[in-house]
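Structure record follows, encoded as structure tokens.
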Amino acid sequence: MVTAAPSTPFSLSPVSFTRRRRFRHFTVPRTSASLSPDVSPLLRAAHHTVDSYVKSGMVIGLGSGEGSDMAIRYLGQQLRSGSLEDVVGVPMSARSASEAAKSGIPLKHFRDDFQIDLAFHDADAVEESTLIAVIGRRRRTHDEDDYILRQKASVSIVKAADDAVFMIKEEHYKAELEGSVPVLVQSLNWLAIAEEIDDLYLGDAEVWRRASVGDAGPLGGDFPIVTSDGHNILDVIFTTPIPSLASVAKSLDTIDGVVDHGLVTKTRCTVVIAGEAEVRSVTLQTSAVEGGL
């Protein structure tokens, strides 16, 4: 059974960045004049994402999740009204492709040679100090299964984009994060890979293979999820605050058989935070950024 045994907490060394990382914080109390004051914070965040970051002529990575669905629908409205023109979407899942098609957004399928100007996506969690995002955590509803199965496409498109915008609810934007990190692994030797990951974080995390039905225990039961690329998904479930997401990403990248993971580090990204009272945005760039409000 691939579960962690009590041990000395692991120590992760911080990753040194070669460029200065600067943040710009600003508040957007009203995202769109057409929205009434009682609309959901996530809807305001979705409108702000399209209004502030999508420009005519762009190729846009269309993410998955509740906020991304709203942003896709609003993007379609802007195209139909003529406020935006010549925008092409690259969907990250069948769900986002369906929303875009219904909204009248022209689509292209992702290829490695694509120039993607911007990608937006729902984040499950974001680390305040680095803006490293966690995406691809397990959902509890059936309609999220396709997104789970297409996780690698989601991660690849976000990483390929020149800029990324992550929409997130305020309670998931924190200095210290816990919870799971999804990891795509080769299915043929998944158990050995899981044991190696387990050894890395002994005492601080449990490693479970994701099942397609229910929880099914650490091994994933008789019906583990197999992605469209033929990979398994491991959930590395941290039970204590994670000292550094950057160090976790770096250590996972060194393991043979790890195909990808749900930790996204971008040198140019923005987090749009949906709070009850306001929408806030935090921007990270590797070069100096002029002071904001």
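Chain lettering (A, B, ...) mirrors the order of the structure tokens, residue numbering begins at 1 for each chain separately, and ligand numbering begins at 1 in order of display.
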Quick one: which stretch 85-145 of chain A residues come within 9 Å of stretch 248-270 of chain A, and what is the nearest atom pair for each with the distance in Å to one decimal, counting only C-alpha atoms, rows ordered by chain and ascending number, as a tab-separated table?
```
residue	atom	partner	partner_atom	distance
A:Thr130	CA	A:Thr265	CA	8.2
A:Leu131	CA	A:Thr265	CA	7.4
A:Ile132	CA	A:Thr265	CA	5.0
A:Ala133	CA	A:Val264	CA	5.2
A:Val134	CA	A:Leu263	CA	4.9
A:Ile135	CA	A:Gly262	CA	5.0
A:Gly136	CA	A:Gly262	CA	5.7
A:Arg137	CA	A:Gly262	CA	7.8
```
Export of the given selection (all heavy atoms) as a JSON list (two decimals), in the first residue's frame:
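selection-v6.json, written as the output of this step:
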```json
[["chain", "number", "residue", "atom", "x", "y", "z"],
["A", 130, "THR", "N", 4.83, 33.33, -4.55],
["A", 130, "THR", "CA", 5.39, 32.99, -5.86],
["A", 130, "THR", "C", 4.38, 33.03, -6.99],
["A", 130, "THR", "O", 4.76, 33.03, -8.16],
["A", 130, "THR", "CB", 5.99, 31.58, -5.83],
["A", 130, "THR", "OG1", 4.94, 30.63, -5.55],
["A", 130, "THR", "CG2", 7.08, 31.46, -4.76],
["A", 131, "LEU", "N", 3.09, 33.02, -6.66],
["A", 131, "LEU", "CA", 1.99, 32.86, -7.62],
["A", 131, "LEU", "C", 2.07, 31.53, -8.38],
["A", 131, "LEU", "O", 1.54, 31.41, -9.48],
["A", 131, "LEU", "CB", 1.93, 34.03, -8.62],
["A", 131, "LEU", "CG", 1.71, 35.42, -8.03],
["A", 131, "LEU", "CD1", 1.30, 36.41, -9.12],
["A", 131, "LEU", "CD2", 0.69, 35.44, -6.90],
["A", 132, "ILE", "N", 2.72, 30.55, -7.79],
["A", 132, "ILE", "CA", 2.65, 29.20, -8.35],
["A", 132, "ILE", "C", 1.25, 28.66, -8.11],
["A", 132, "ILE", "O", 0.73, 28.72, -7.00],
["A", 132, "ILE", "CB", 3.70, 28.28, -7.71],
["A", 132, "ILE", "CG1", 5.11, 28.76, -8.06],
["A", 132, "ILE", "CG2", 3.52, 26.83, -8.17],
["A", 132, "ILE", "CD1", 6.22, 27.97, -7.39],
["A", 133, "ALA", "N", 0.64, 28.16, -9.17],
["A", 133, "ALA", "CA", -0.75, 27.70, -9.11],
["A", 133, "ALA", "C", -0.81, 26.17, -9.07],
["A", 133, "ALA", "O", 0.01, 25.48, -9.69],
["A", 133, "ALA", "CB", -1.54, 28.21, -10.31],
["A", 134, "VAL", "N", -1.79, 25.67, -8.34],
["A", 134, "VAL", "CA", -2.11, 24.24, -8.35],
["A", 134, "VAL", "C", -3.37, 24.06, -9.18],
["A", 134, "VAL", "O", -4.41, 24.67, -8.89],
["A", 134, "VAL", "CB", -2.35, 23.70, -6.93],
["A", 134, "VAL", "CG1", -2.61, 22.19, -6.97],
["A", 134, "VAL", "CG2", -1.18, 24.02, -6.02],
["A", 135, "ILE", "N", -3.29, 23.25, -10.24],
["A", 135, "ILE", "CA", -4.47, 22.94, -11.04],
["A", 135, "ILE", "C", -4.59, 21.42, -11.16],
["A", 135, "ILE", "O", -3.61, 20.70, -11.02],
["A", 135, "ILE", "CB", -4.43, 23.59, -12.43],
["A", 135, "ILE", "CG1", -3.28, 23.03, -13.28],
["A", 135, "ILE", "CG2", -4.31, 25.11, -12.32],
["A", 135, "ILE", "CD1", -3.29, 23.55, -14.72],
["A", 136, "GLY", "N", -5.81, 20.96, -11.40],
["A", 136, "GLY", "CA", -6.02, 19.54, -11.64],
["A", 136, "GLY", "C", -6.34, 18.72, -10.41],
["A", 136, "GLY", "O", -6.32, 17.49, -10.48],
["A", 137, "ARG", "N", -6.65, 19.37, -9.28],
["A", 137, "ARG", "CA", -7.06, 18.59, -8.12],
["A", 137, "ARG", "C", -8.36, 17.86, -8.41],
["A", 137, "ARG", "O", -9.16, 18.28, -9.24],
["A", 137, "ARG", "CB", -7.23, 19.50, -6.89],
["A", 137, "ARG", "CG", -5.93, 19.90, -6.26],
["A", 137, "ARG", "CD", -6.14, 20.76, -5.03],
["A", 137, "ARG", "NE", -4.87, 21.01, -4.34],
["A", 137, "ARG", "CZ", -4.74, 21.81, -3.29],
["A", 137, "ARG", "NH1", -5.80, 22.45, -2.81],
["A", 137, "ARG", "NH2", -3.56, 21.98, -2.72]]
```
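Distances from A:Asp117, A:Asp124, A:Asp215, A:Asp222 to A:Val271 were compared using only C-alpha atoms, and the smallest one belongs to A:Asp124.
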Distance query stretch 232-241 of chain A at most 9 Å, only C-alpha atoms, self and fewer than 2 positions along chain excluded, as a ChimeraX atom specification: /A:137-138,148-149,176-188,190,194,197-198,201,203-211,224-227,230,243-244,261
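Distance check against A:Pro106 using only C-alpha atoms: of A:Val282, A:Val54, A:Val87, A:Ala119, the minimum falls on A:Val87.
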Based on DSSP run over this structure's backbone, return all residues of stretch 62-256 of chain A in helix (DSSP H, G or I), as a PyMOL selection string. chain A and resi 66-81+94-102+142-149+151-160+170-172+190-200+245-253
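The two atoms in question, atom CA of A:Gly61 and atom CA of A:Val213, are spaced 29.3 Å apart.
Here atom CA of A:Glu195 and atom CA of A:Ser212 stand 20.9 Å from one another.
Shortest separation to A:Ile72 among A:Leu84, A:Ala94, A:Ala46, A:Val39 occurs at residue A:Ala46, atoms counted being only C-alpha atoms.
Here atom CA of A:Ala277 stands at a distance of 28.1 Å from atom CA of A:Ser96.
Of the listed residues (A:Ala175, A:Gly221, A:Gln78, A:Gly275), A:Ala175 comes nearest to A:Ser129; the distances count only C-alpha atoms.
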